[in-house]
>>> print(open('structure.csv').read())   # CSV, C-alpha atoms and all ligand atoms
chain,number,residue,atom,x,y,z
Q,25,MET,CA,-0.6,-21.4,-15.3
Q,26,PHE,CA,2.0,-19.9,-17.6
Q,27,ASP,CA,4.6,-18.8,-15.1
Q,28,VAL,CA,5.4,-15.1,-15.5
Q,29,TYR,CA,5.1,-13.5,-12.1
Q,30,ASN,CA,7.0,-13.5,-8.7
Q,31,VAL,CA,4.1,-14.6,-6.6
Q,32,LEU,CA,3.8,-14.2,-2.8
Q,33,ASN,CA,2.6,-17.3,-1.1
Q,34,ILE,CA,-0.6,-15.6,0.1
Q,35,GLU,CA,-4.2,-16.0,-1.3
Q,36,PRO,CA,-6.7,-13.3,-0.5
Q,37,VAL,CA,-10.2,-14.8,-0.3
Q,38,LYS,CA,-12.1,-11.9,1.2
Q,39,ALA,CA,-11.4,-8.1,1.4
Q,40,GLU,CA,-12.8,-4.9,2.9
Q,41,ASN,CA,-11.4,-1.4,2.8
Q,42,VAL,CA,-7.6,-1.5,3.1
Q,43,TYR,CA,-7.5,-5.1,4.4
Q,44,PHE,CA,-7.9,-8.6,3.0
Q,45,TRP,CA,-8.0,-12.1,4.6
Q,46,ASP,CA,-6.5,-15.4,3.5
Q,47,ARG,CA,-8.0,-18.8,3.7
Q,48,ASP,CA,-6.8,-19.3,7.3
Q,49,GLY,CA,-8.4,-16.0,8.4
Q,50,ASN,CA,-5.1,-14.1,8.6
Q,51,LYS,CA,-5.7,-10.4,8.1
Q,52,TYR,CA,-3.4,-8.3,5.8
Q,53,LEU,CA,-2.9,-4.6,5.6
Q,54,ASP,CA,-2.9,-3.8,1.8
Q,55,PHE,CA,-0.5,-1.0,1.0
Q,56,TYR,CA,-0.2,-2.1,-2.6
Q,57,GLY,CA,-3.9,-2.0,-3.6
Q,58,GLY,CA,-3.3,-4.8,-6.2
Q,59,HIS,CA,-0.8,-2.4,-7.9
Q,60,ALA,CA,-2.7,0.9,-7.5
Q,61,VAL,CA,-5.9,-0.7,-8.8
Q,62,ILE,CA,-7.9,-0.6,-5.5
Q,63,SER,CA,-8.8,3.1,-5.3
Q,64,ILE,CA,-11.9,3.4,-3.2
Q,65,GLY,CA,-11.1,0.4,-1.0
Q,66,HIS,CA,-12.0,-3.3,-1.4
Q,67,SER,CA,-15.6,-4.4,-1.6
Q,68,HIS,CA,-17.1,-0.9,-1.1
Q,69,PRO,CA,-20.9,-1.3,-0.6
Q,70,HIS,CA,-21.8,1.4,-3.2
Q,71,TYR,CA,-19.6,-0.3,-5.7
Q,72,VAL,CA,-21.0,-3.7,-5.0
Q,73,ASP,CA,-24.5,-2.4,-5.3
Q,74,LEU,CA,-24.0,-0.7,-8.6
Q,75,VAL,CA,-22.0,-3.6,-10.2
Q,76,ALA,CA,-24.3,-6.3,-8.9
Q,77,GLY,CA,-27.4,-4.3,-9.8
Q,78,GLN,CA,-26.1,-3.8,-13.3
Q,79,LEU,CA,-25.3,-7.5,-13.7
Q,80,ASN,CA,-28.9,-8.3,-12.8
Q,81,ARG,CA,-30.2,-6.0,-15.5
Q,82,ILE,CA,-27.7,-6.3,-18.4
Q,83,GLY,CA,-24.0,-7.0,-18.2
Q,84,PHE,CA,-22.9,-6.6,-21.7
Q,85,TYR,CA,-23.9,-5.5,-25.2
Q,86,SER,CA,-21.5,-4.4,-27.9
Q,87,ASN,CA,-20.8,-0.8,-29.0
Q,88,ALA,CA,-23.2,-1.4,-32.0
Q,89,VAL,CA,-26.0,0.0,-29.8
Q,90,LYS,CA,-26.6,3.0,-27.5
Q,91,ASN,CA,-25.4,2.8,-23.9
Q,92,HIS,CA,-26.4,5.7,-21.7
Q,93,LEU,CA,-24.0,4.5,-19.0
Q,94,GLN,CA,-21.1,5.6,-21.2
Q,95,GLU,CA,-22.5,9.1,-21.3
Q,96,GLU,CA,-23.1,9.2,-17.5
Q,97,LEU,CA,-19.5,8.0,-17.0
Q,98,GLU,CA,-18.1,10.6,-19.3
Q,99,GLN,CA,-20.1,13.4,-17.7
Q,100,LYS,CA,-19.1,12.4,-14.1
Q,101,LEU,CA,-15.5,12.0,-15.2
Q,102,ARG,CA,-15.4,15.5,-16.8
Q,103,ALA,CA,-17.0,17.1,-13.7
Q,104,LEU,CA,-14.7,15.5,-11.1
Q,105,SER,CA,-11.5,15.7,-13.1
Q,106,GLY,CA,-12.1,19.2,-14.4
Q,107,CYS,CA,-11.3,17.9,-17.9
Q,108,THR,CA,-14.4,19.5,-19.4
Q,109,ASP,CA,-12.9,19.9,-23.0
Q,110,TYR,CA,-12.2,16.2,-23.6
Q,111,ASN,CA,-14.1,13.3,-25.1
Q,112,LEU,CA,-13.8,9.8,-23.6
Q,113,PHE,CA,-12.7,6.7,-25.5
Q,114,LEU,CA,-13.3,3.5,-23.4
Q,115,CYS,CA,-11.2,0.4,-23.5
Q,116,ASN,CA,-9.9,-2.4,-21.2
Q,117,SER,CA,-6.4,-1.9,-19.9
Q,118,GLY,CA,-3.6,0.6,-19.4
Q,119,ALA,CA,-1.6,-0.7,-22.3
Q,120,GLU,CA,-4.6,-0.6,-24.6
Q,121,ALA,CA,-5.3,3.0,-23.6
Q,122,ASN,CA,-1.7,4.0,-24.4
Q,123,GLU,CA,-1.7,2.0,-27.7
Q,124,ASN,CA,-4.8,3.9,-28.8
Q,125,ALA,CA,-3.4,7.3,-27.7
Q,126,LEU,CA,-0.2,6.7,-29.6
Q,127,LYS,CA,-2.0,5.4,-32.7
Q,128,LEU,CA,-4.4,8.4,-32.7
Q,129,SER,CA,-1.5,10.8,-32.4
Q,130,SER,CA,0.1,9.2,-35.5
Q,131,PHE,CA,-3.2,9.3,-37.4
Q,132,VAL,CA,-3.8,13.0,-36.8
Q,133,THR,CA,-0.3,14.3,-37.3
Q,134,GLY,CA,0.7,11.9,-40.1
Q,135,ARG,CA,4.0,11.3,-38.3
Q,136,SER,CA,5.4,8.1,-37.0
Q,137,LYS,CA,8.1,8.9,-34.4
Q,138,ILE,CA,7.4,9.0,-30.6
Q,139,LEU,CA,9.4,10.7,-27.9
Q,140,ALA,CA,9.4,8.8,-24.6
Q,141,MET,CA,11.1,9.1,-21.2
Q,142,ARG,CA,14.0,7.1,-19.7
Q,143,THR,CA,12.8,4.6,-17.0
Q,144,ALA,CA,9.2,4.9,-18.4
Q,145,PHE,CA,6.7,2.1,-18.2
Q,146,HIS,CA,3.6,2.2,-20.4
Q,147,GLY,CA,2.5,-1.5,-20.7
Q,148,ARG,CA,3.3,-4.6,-22.6
Q,149,THR,CA,1.4,-4.5,-25.9
Q,150,SER,CA,3.4,-3.8,-29.1
Q,151,GLY,CA,3.4,0.0,-29.1
Q,152,ALA,CA,3.2,0.5,-25.3
Q,153,VAL,CA,6.2,-1.7,-24.7
Q,154,ALA,CA,8.2,0.1,-27.5
Q,155,VAL,CA,7.9,3.3,-25.5
Q,156,THR,CA,8.8,1.5,-22.3
Q,157,ASP,CA,12.4,1.9,-21.4
Q,158,ASN,CA,13.2,-1.7,-20.6
Q,159,PRO,CA,14.8,-3.8,-23.3
Q,160,ILE,CA,14.3,-7.0,-21.3
Q,161,ILE,CA,10.5,-6.9,-21.9
Q,162,GLN,CA,10.8,-5.9,-25.6
Q,163,ALA,CA,10.8,-8.7,-28.2
Q,164,PRO,CA,12.8,-8.0,-31.4
Q,165,TRP,CA,9.5,-7.3,-33.1
Q,166,ASN,CA,8.7,-4.4,-30.7
Q,167,ARG,CA,11.9,-2.7,-31.6
Q,168,GLY,CA,10.7,-1.9,-35.1
Q,169,HIS,CA,8.9,1.2,-33.7
Q,170,GLN,CA,10.5,4.6,-34.1
Q,171,VAL,CA,11.0,5.7,-30.5
Q,172,THR,CA,13.6,8.0,-28.9
Q,173,PHE,CA,14.1,8.2,-25.2
Q,174,VAL,CA,15.2,11.3,-23.3
Q,175,GLY,CA,15.9,11.7,-19.6
Q,176,LEU,CA,12.8,12.6,-17.5
Q,177,ASN,CA,13.1,16.3,-16.7
Q,178,ASP,CA,15.7,16.9,-19.4
Q,179,ALA,CA,14.0,19.9,-21.1
Q,180,GLU,CA,17.0,20.7,-23.3
Q,181,ALA,CA,17.0,17.2,-24.8
Q,182,LEU,CA,13.3,17.3,-25.4
Q,183,LYS,CA,13.6,20.7,-27.2
Q,184,ARG,CA,16.4,19.4,-29.4
Q,185,GLU,CA,14.5,16.3,-30.4
Q,186,LEU,CA,11.2,18.1,-31.2
Q,187,ALA,CA,12.8,20.9,-33.2
Q,188,GLY,CA,12.8,18.9,-36.5
Q,189,ARG,CA,8.9,18.5,-36.3
Q,190,GLU,CA,9.1,14.8,-36.9
Q,191,TYR,CA,7.4,13.5,-33.8
Q,192,ALA,CA,3.7,12.5,-33.5
Q,193,ALA,CA,3.7,12.7,-29.7
Q,194,VAL,CA,5.6,12.9,-26.5
Q,195,ILE,CA,4.4,10.4,-23.9
Q,196,VAL,CA,5.1,10.9,-20.2
Q,197,GLU,CA,3.8,9.4,-17.0
Q,198,GLY,CA,2.1,11.8,-14.5
Q,199,ILE,CA,4.5,10.2,-12.0
Q,200,GLN,CA,6.7,7.3,-13.1
Q,201,GLY,CA,5.5,4.3,-11.2
Q,202,VAL,CA,7.3,1.1,-12.2
Q,203,GLY,CA,10.4,3.2,-12.9
Q,204,GLY,CA,10.7,4.0,-9.1
Q,205,ILE,CA,8.2,6.8,-8.3
Q,206,ARG,CA,9.9,9.6,-10.2
Q,207,VAL,CA,8.1,12.9,-10.4
Q,208,PRO,CA,8.3,15.1,-13.5
Q,209,THR,CA,9.0,18.7,-12.6
Q,210,ARG,CA,6.4,21.4,-13.2
Q,211,GLU,CA,9.0,23.2,-15.3
Q,212,PHE,CA,9.6,20.1,-17.5
Q,213,LEU,CA,5.9,19.6,-18.1
Q,214,ARG,CA,5.4,23.2,-18.9
Q,215,VAL,CA,8.3,23.2,-21.4
Q,216,ALA,CA,7.0,20.0,-22.9
Q,217,ARG,CA,3.5,21.6,-23.4
Q,218,GLU,CA,5.1,24.7,-25.0
Q,219,VAL,CA,7.4,22.9,-27.4
Q,220,CYS,CA,4.7,20.5,-28.4
Q,221,ASP,CA,2.5,23.5,-29.3
Q,222,GLN,CA,5.3,25.1,-31.3
Q,223,THR,CA,6.1,21.9,-33.3
Q,224,GLY,CA,2.7,20.4,-33.9
Q,225,THR,CA,3.5,17.4,-31.6
Q,226,LEU,CA,0.8,15.9,-29.3
Q,227,LEU,CA,1.4,15.6,-25.6
Q,228,ILE,CA,0.1,12.3,-24.0
Q,229,LEU,CA,0.0,12.0,-20.2
Q,230,ASP,CA,-0.1,8.4,-19.0
Q,231,GLU,CA,-2.1,8.6,-15.7
Q,232,VAL,CA,-2.7,4.8,-15.6
Q,233,GLN,CA,-1.0,4.6,-12.2
Q,234,SER,CA,-0.8,8.2,-11.0
Q,235,GLY,CA,-4.4,9.2,-11.9
Q,236,TYR,CA,-7.8,8.9,-10.2
Q,237,GLY,CA,-7.1,11.1,-7.2
Q,238,ARG,CA,-4.0,9.2,-6.0
Q,239,THR,CA,-1.8,12.2,-5.8
Q,240,GLY,CA,-4.4,14.6,-4.3
Q,241,LYS,CA,-5.5,16.0,-7.6
Q,242,PHE,CA,-7.6,13.9,-10.1
Q,243,PHE,CA,-4.6,13.6,-12.4
Q,244,ALA,CA,-1.0,14.1,-11.3
Q,245,TYR,CA,-0.1,16.4,-14.2
Q,246,GLN,CA,-2.7,18.9,-12.8
Q,247,HIS,CA,-0.1,19.8,-10.2
Q,248,ALA,CA,1.8,21.5,-13.1
Q,249,GLY,CA,-1.2,23.4,-14.4
Q,250,ILE,CA,-0.9,22.1,-18.0
Q,251,GLU,CA,-3.4,20.6,-20.4
Q,252,PRO,CA,-2.3,17.5,-22.3
Q,253,ASP,CA,-3.8,16.6,-25.7
Q,254,LEU,CA,-4.5,13.0,-24.5
Q,255,VAL,CA,-4.7,11.5,-21.1
Q,256,THR,CA,-4.7,7.7,-20.5
Q,257,MET,CA,-6.2,6.0,-17.4
Q,258,ALA,CA,-6.9,2.5,-16.1
Q,259,LYS,CA,-6.0,0.9,-12.8
Q,260,GLY,CA,-7.9,2.9,-10.2
Q,261,MET,CA,-10.7,3.6,-12.7
Q,262,GLY,CA,-12.5,0.3,-12.0
Q,263,ASN,CA,-11.4,-0.5,-8.5
Q,264,GLY,CA,-10.6,-4.0,-9.8
Q,265,PHE,CA,-13.0,-4.2,-12.8
Q,266,PRO,CA,-10.9,-4.1,-16.0
Q,267,VAL,CA,-11.8,-0.7,-17.5
Q,268,ALA,CA,-9.6,1.9,-19.1
Q,269,GLY,CA,-9.9,5.1,-21.1
Q,270,VAL,CA,-8.4,7.9,-23.1
Q,271,LEU,CA,-9.5,11.5,-22.6
Q,272,ILE,CA,-9.1,13.1,-26.0
Q,273,HIS,CA,-9.0,16.9,-26.3
Q,274,GLU,CA,-12.0,18.0,-28.3
Q,275,SER,CA,-9.7,19.7,-30.8
Q,276,ILE,CA,-8.6,16.2,-32.0
Q,277,LYS,CA,-11.0,14.6,-34.4
Q,278,ALA,CA,-10.9,10.9,-35.3
Q,279,GLU,CA,-12.7,9.3,-38.2
Q,280,LYS,CA,-15.1,6.5,-37.4
Q,281,GLY,CA,-13.4,3.1,-37.3
Q,282,MET,CA,-9.9,4.5,-36.5
Q,283,LEU,CA,-10.3,3.2,-32.9
Q,284,GLY,CA,-12.4,0.5,-31.5
Q,285,THR,CA,-12.5,-2.5,-29.2
Q,286,THR,CA,-15.2,-5.2,-28.4
Q,287,PHE,CA,-15.4,-5.0,-24.6
Q,288,GLY,CA,-14.7,-1.3,-24.2
Q,289,GLY,CA,-17.4,0.6,-22.4
Q,290,ASN,CA,-19.5,-2.4,-21.6
Q,291,HIS,CA,-22.3,-2.0,-19.1
Q,292,LEU,CA,-20.6,-3.7,-16.2
Q,293,ALA,CA,-17.3,-1.7,-16.7
Q,294,CYS,CA,-19.3,1.5,-16.8
Q,295,ALA,CA,-21.2,0.7,-13.6
Q,296,ALA,CA,-17.9,-0.1,-11.8
Q,297,ALA,CA,-16.3,3.1,-13.1
Q,298,ILE,CA,-19.3,5.3,-12.2
Q,299,ALA,CA,-19.3,3.8,-8.7
Q,300,VAL,CA,-15.7,4.7,-8.3
Q,301,LEU,CA,-16.3,8.3,-9.3
Q,302,ASP,CA,-19.2,8.6,-6.9
Q,303,VAL,CA,-17.2,7.4,-4.0
Q,304,ILE,CA,-14.1,9.5,-4.7
Q,305,LYS,CA,-16.4,12.5,-4.8
Q,306,ASP,CA,-18.8,11.7,-1.8
Q,307,GLU,CA,-16.0,10.5,0.5
Q,308,GLN,CA,-13.5,13.3,-0.6
Q,309,LEU,CA,-10.9,10.7,-1.3
Q,310,MET,CA,-8.6,13.2,-3.2
Q,311,GLU,CA,-8.4,15.4,-0.2
Q,312,ASN,CA,-7.7,12.3,2.0
Q,313,ALA,CA,-4.9,11.2,-0.4
Q,314,ASP,CA,-3.3,14.6,-0.1
Q,315,ARG,CA,-3.6,14.8,3.7
Q,316,VAL,CA,-2.7,11.3,4.8
Q,317,GLY,CA,-0.1,11.0,1.9
Q,318,SER,CA,1.9,13.9,3.3
Q,319,TYR,CA,1.6,12.4,6.8
Q,320,LEU,CA,2.9,9.0,5.5
Q,321,MET,CA,5.9,10.6,3.8
Q,322,GLU,CA,6.8,12.7,6.9
Q,323,GLN,CA,6.7,9.5,9.0
Q,324,LEU,CA,8.9,7.6,6.6
Q,325,LYS,CA,11.5,10.2,6.1
Q,326,VAL,CA,12.8,10.0,9.6
Q,327,LEU,CA,13.1,6.2,9.9
Q,328,ASN,CA,16.4,4.3,10.2
Q,329,GLY,CA,17.4,2.6,7.0
Q,330,VAL,CA,15.4,5.0,4.8
Q,331,ILE,CA,17.6,6.8,2.2
Q,332,GLU,CA,15.0,8.8,0.3
Q,333,VAL,CA,11.2,9.2,0.1
Q,334,ARG,CA,9.7,10.3,-3.2
Q,335,GLY,CA,6.2,10.8,-4.6
Q,336,ARG,CA,3.0,12.7,-4.0
Q,337,GLY,CA,-0.2,11.8,-2.0
Q,338,LEU,CA,-0.6,8.1,-1.9
Q,339,MET,CA,2.0,7.2,-4.6
Q,340,VAL,CA,5.1,6.8,-2.5
Q,341,GLY,CA,8.6,5.4,-3.3
Q,342,VAL,CA,10.9,4.6,-0.4
Q,343,ASP,CA,14.6,3.9,-1.1
Q,344,ILE,CA,15.9,1.7,1.6
Q,345,ASP,CA,19.5,0.7,2.5
Q,346,ILE,CA,18.7,-3.0,2.1
Q,347,PRO,CA,20.0,-3.9,-1.4
Q,348,HIS,CA,17.0,-6.0,-2.2
Q,349,ALA,CA,13.6,-4.3,-1.7
Q,350,ILE,CA,12.0,-7.6,-2.8
Q,351,PHE,CA,13.4,-9.2,0.4
Q,352,CYS,CA,12.0,-6.3,2.5
Q,353,ARG,CA,8.6,-6.8,0.8
Q,354,ARG,CA,8.7,-10.5,1.8
Q,355,LEU,CA,9.5,-9.7,5.4
Q,356,LEU,CA,6.7,-7.2,5.4
Q,357,ALA,CA,4.4,-9.8,4.0
Q,358,ASP,CA,5.4,-12.1,6.9
Q,359,GLN,CA,4.2,-9.3,9.1
Q,360,HIS,CA,0.9,-9.3,7.2
Q,361,VAL,CA,1.6,-6.1,5.2
Q,362,ILE,CA,1.5,-6.0,1.4
Q,363,THR,CA,3.7,-3.6,-0.5
Q,364,GLY,CA,5.2,-3.3,-4.0
Q,365,THR,CA,8.8,-2.8,-5.2
Q,366,SER,CA,10.5,-1.2,-8.1
Q,367,GLY,CA,14.2,-1.6,-9.1
Q,368,LYS,CA,16.6,-3.0,-6.6
Q,369,ASN,CA,16.0,-0.9,-3.4
Q,370,THR,CA,12.7,0.9,-3.8
Q,371,LEU,CA,9.6,-0.1,-1.9
Q,372,ARG,CA,6.4,1.2,-3.7
Q,373,LEU,CA,3.4,2.1,-1.5
Q,374,LEU,CA,0.0,2.5,-3.3
Q,375,PRO,CA,-2.6,2.0,-0.6
Q,376,PRO,CA,-6.3,2.5,-1.3
Q,377,LEU,CA,-7.3,6.2,-1.2
Q,378,CYS,CA,-9.5,5.7,1.8
Q,379,VAL,CA,-6.6,4.7,4.1
Q,380,THR,CA,-6.7,6.5,7.5
Q,381,ARG,CA,-4.0,8.0,9.7
Q,382,GLU,CA,-4.4,5.1,12.1
Q,383,GLU,CA,-3.8,2.6,9.3
Q,384,ILE,CA,-0.7,4.6,8.3
Q,385,ASP,CA,0.5,4.4,11.9
Q,386,GLU,CA,0.0,0.6,11.8
Q,387,PHE,CA,2.0,0.4,8.6
Q,388,VAL,CA,4.8,2.5,9.9
Q,389,ALA,CA,5.1,0.5,13.1
Q,390,ARG,CA,5.4,-2.8,11.2
Q,391,PHE,CA,7.8,-1.3,8.7
Q,392,LYS,CA,10.0,-0.1,11.6
Q,393,GLN,CA,10.0,-3.6,13.0
Q,394,VAL,CA,11.1,-5.1,9.7
Q,395,MET,CA,13.8,-2.4,9.2
Q,396,SER,CA,15.3,-3.1,12.6
Q,401,LIG,N1,1.1,2.7,-17.8
Q,401,LIG,C1,1.5,2.8,-16.5
Q,401,LIG,C2,2.0,4.1,-16.0
Q,401,LIG,C3,1.5,1.6,-15.7
Q,401,LIG,O1,2.0,1.7,-14.5
Q,401,LIG,C4,1.0,0.4,-16.2
Q,401,LIG,C5,0.9,-0.8,-15.4
Q,401,LIG,N2,1.8,-1.0,-14.5
Q,401,LIG,C6,0.5,0.4,-17.6
Q,401,LIG,C7,0.6,1.6,-18.3
Q,401,LIG,C8,-0.1,-0.8,-18.2
Q,401,LIG,O2,-1.3,-1.1,-17.7
Q,401,LIG,P1,-2.0,-2.5,-17.9
Q,401,LIG,O3,-1.2,-3.5,-17.1
Q,401,LIG,O4,-3.4,-2.3,-17.4
Q,401,LIG,O5,-1.9,-2.8,-19.4
>>> encode(input="structure.csv", output="structure tokens", more="lines below")
Ligand code: PMP
Amino acid sequence: MFDVYNVLNIEPVKAENVYFWDRDGNKYLDFYGGHAVISIGHSHPHYVDLVAGQLNRIGFYSNAVKNHLQEELEQKLRALSGCTDYNLFLCNSGAEANENALKLSSFVTGRSKILAMRTAFHGRTSGAVAVTDNPIIQAPWNRGHQVTFVGLNDAEALKRELAGREYAAVIVEGIQGVGGIRVPTREFLRVAREVCDQTGTLLILDEVQSGYGRTGKFFAYQHAGIEPDLVTMAKGMGNGFPVAGVLIHESIKAEKGMLGTTFGGNHLACAAAIAVLDVIKDEQLMENADRVGSYLMEQLKVLNGVIEVRGRGLMVGVDIDIPHAIFCRRLLADQHVITGTSGKNTLRLLPPLCVTREEIDEFVARFKQVMS
């Protein structure tokens, strides 16, 4: 394999709910969810039924024909998210969703500049990586894009930049994930909405990591009570099946052919995404994320070695007084607990939304052990 990742020496071969097992039968508590991807829990029976059943009927045909599953998915997504005034464009990954949102903004405004946030992460394709604040993952070619970065929550800088009416869009994460679980303030998002309206700029909310109920509302920006022009989503949308989308406000019109992708909205992807919405609704997983997420944060705040706890619901960043969070992650893995990291000293917790109080107690007990 082309070697690009820091891989833990663990191989999951079977999984259920918030646990997986390796080849030797060791059981692991999954507080990473494969990077916020496992939303409804591993191997959920309704998900398995819908995806397997669909594969037995028809797994794929291209967008050259009708596919009622796309309509069903859009309808269920609108109902559960409350985004009733949006149309859905389906694609395959978070980066691709952002790429399409950025491109569509440029098409409809006729402008080519984008305003992005410091410490943002939006993916690794050409446009998505250009609005990502990490020069190490940008090739010289990606730097040709016209992108300006301002501090997250710096409303004055945002106003100054947008005043000249040159920007196609502002792109901001519902909560910054890779950048260390940084939450945009309500005030900042409200000012962004207002100034975008005044200057003919589109507002893109990247909910790839923070969306799908993870923060207790369907999308994290909904805590601020605003309405973006475009919302991108991926990760939790398919619970492991590669599926992504852009919610496009109905006031935005695209001409046929402007956007497209071969695999987007295929039958299997739709079946997976529909199953996820069904389970989030039926099992009230947004409410659970809110409830047990607050409990998790309360438990963590009082622990020795914890400097700060940030986040909302089940998207939690823990700053620890060990300089290398990656070392802590390894020690936790030795205790059969899987977590993520960001930056030098932040642990990132993104458990499936079905996690229970008892499982949180189990996590906290093992985390305490490692910290001591
Ligand atoms: N946006 C955000 C906020 C993300 O966290 C990520 C993935 N970490 C992406 C976009 C890119 O998603 P993908 O890897 O599916 O392209």
>>> residues_near_ligand(input="structure.csv", ligand="ligand LIG 401 (chain Q)", cutoff="10 Å", atoms="all atoms listed in the file", output="number ranges by chain")
Q: 59-61, 116-123, 144-149, 152-153, 156, 196-203, 229-235, 256-260, 266-268
>>> atom_distance(input="structure.csv", atom1="atom CA of Gly367 of chain Q", atom2="atom CA of Leu338 of chain Q")
19.1 Å
>>> closest_residue(input="structure.csv", among="Q:Asp48, Q:Leu292, Q:Pro347, Q:Lys305", to="Arg81 of chain Q", atoms="only C-alpha atoms")
Q:Leu292
>>> closest_residue(input="structure.csv", among="Q:Ile228, Q:Val303, Q:Val219, Q:Leu53", to="His70 of chain Q", atoms="only C-alpha atoms")
Q:Val303
>>> atom_distance(input="structure.csv", atom1="atom CA of Val194 of chain Q", atom2="atom CA of Thr108 of chain Q")
22.2 Å
>>> atom_distance(input="structure.csv", atom1="atom CA of Val388 of chain Q", atom2="atom CA of Gln246 of chain Q")
29.0 Å
>>> closest_residue(input="structure.csv", among="Q:Phe131, Q:Tyr71, Q:Tyr29, Q:Phe55", to="Ala278 of chain Q", atoms="all atoms listed in the file")
Q:Phe131
>>> residues_around(input="structure.csv", residues="Ile331 of chain Q", least_positions_apart="3", cutoff="7 Å", atoms="all atoms listed in the file", output="PyMOL selection string")
chain Q and resi 343-345
>>> residues_near_point(input="structure.csv", point="(-20.4, 7.5, -6.7)", cutoff="12 Å", atoms="all atoms listed in the file", output="PyMOL selection string")
chain Q and resi 64+68-75+96-97+100-101+104+262+294-309
>>> closest_residue(input="structure.csv", among="Q:Tyr52, Q:Phe26, Q:Tyr236, Q:Phe351", to="Asn369 of chain Q", atoms="only C-alpha atoms")
Q:Phe351
>>> closest_residue(input="structure.csv", among="Q:Val316, Q:Ala192, Q:Leu114, Q:Leu182", to="Ser136 of chain Q", atoms="all atoms listed in the file")
Q:Ala192
>>> closest_residue(input="structure.csv", among="Q:Val255, Q:Val31, Q:Gly58, Q:Ala216", to="Tyr43 of chain Q", atoms="all atoms listed in the file")
Q:Gly58
>>> residues_around(input="structure.csv", residues="Ala163 of chain Q", least_positions_apart="2", cutoff="12 Å", atoms="all atoms listed in the file", output="count of residues only")
16
>>> residues_near_point(input="structure.csv", point="(-6.7, 7.0, 10.9)", cutoff="12 Å", atoms="only C-alpha atoms", output="number ranges by chain")
Q: 42, 312, 315-317, 319-320, 378-387
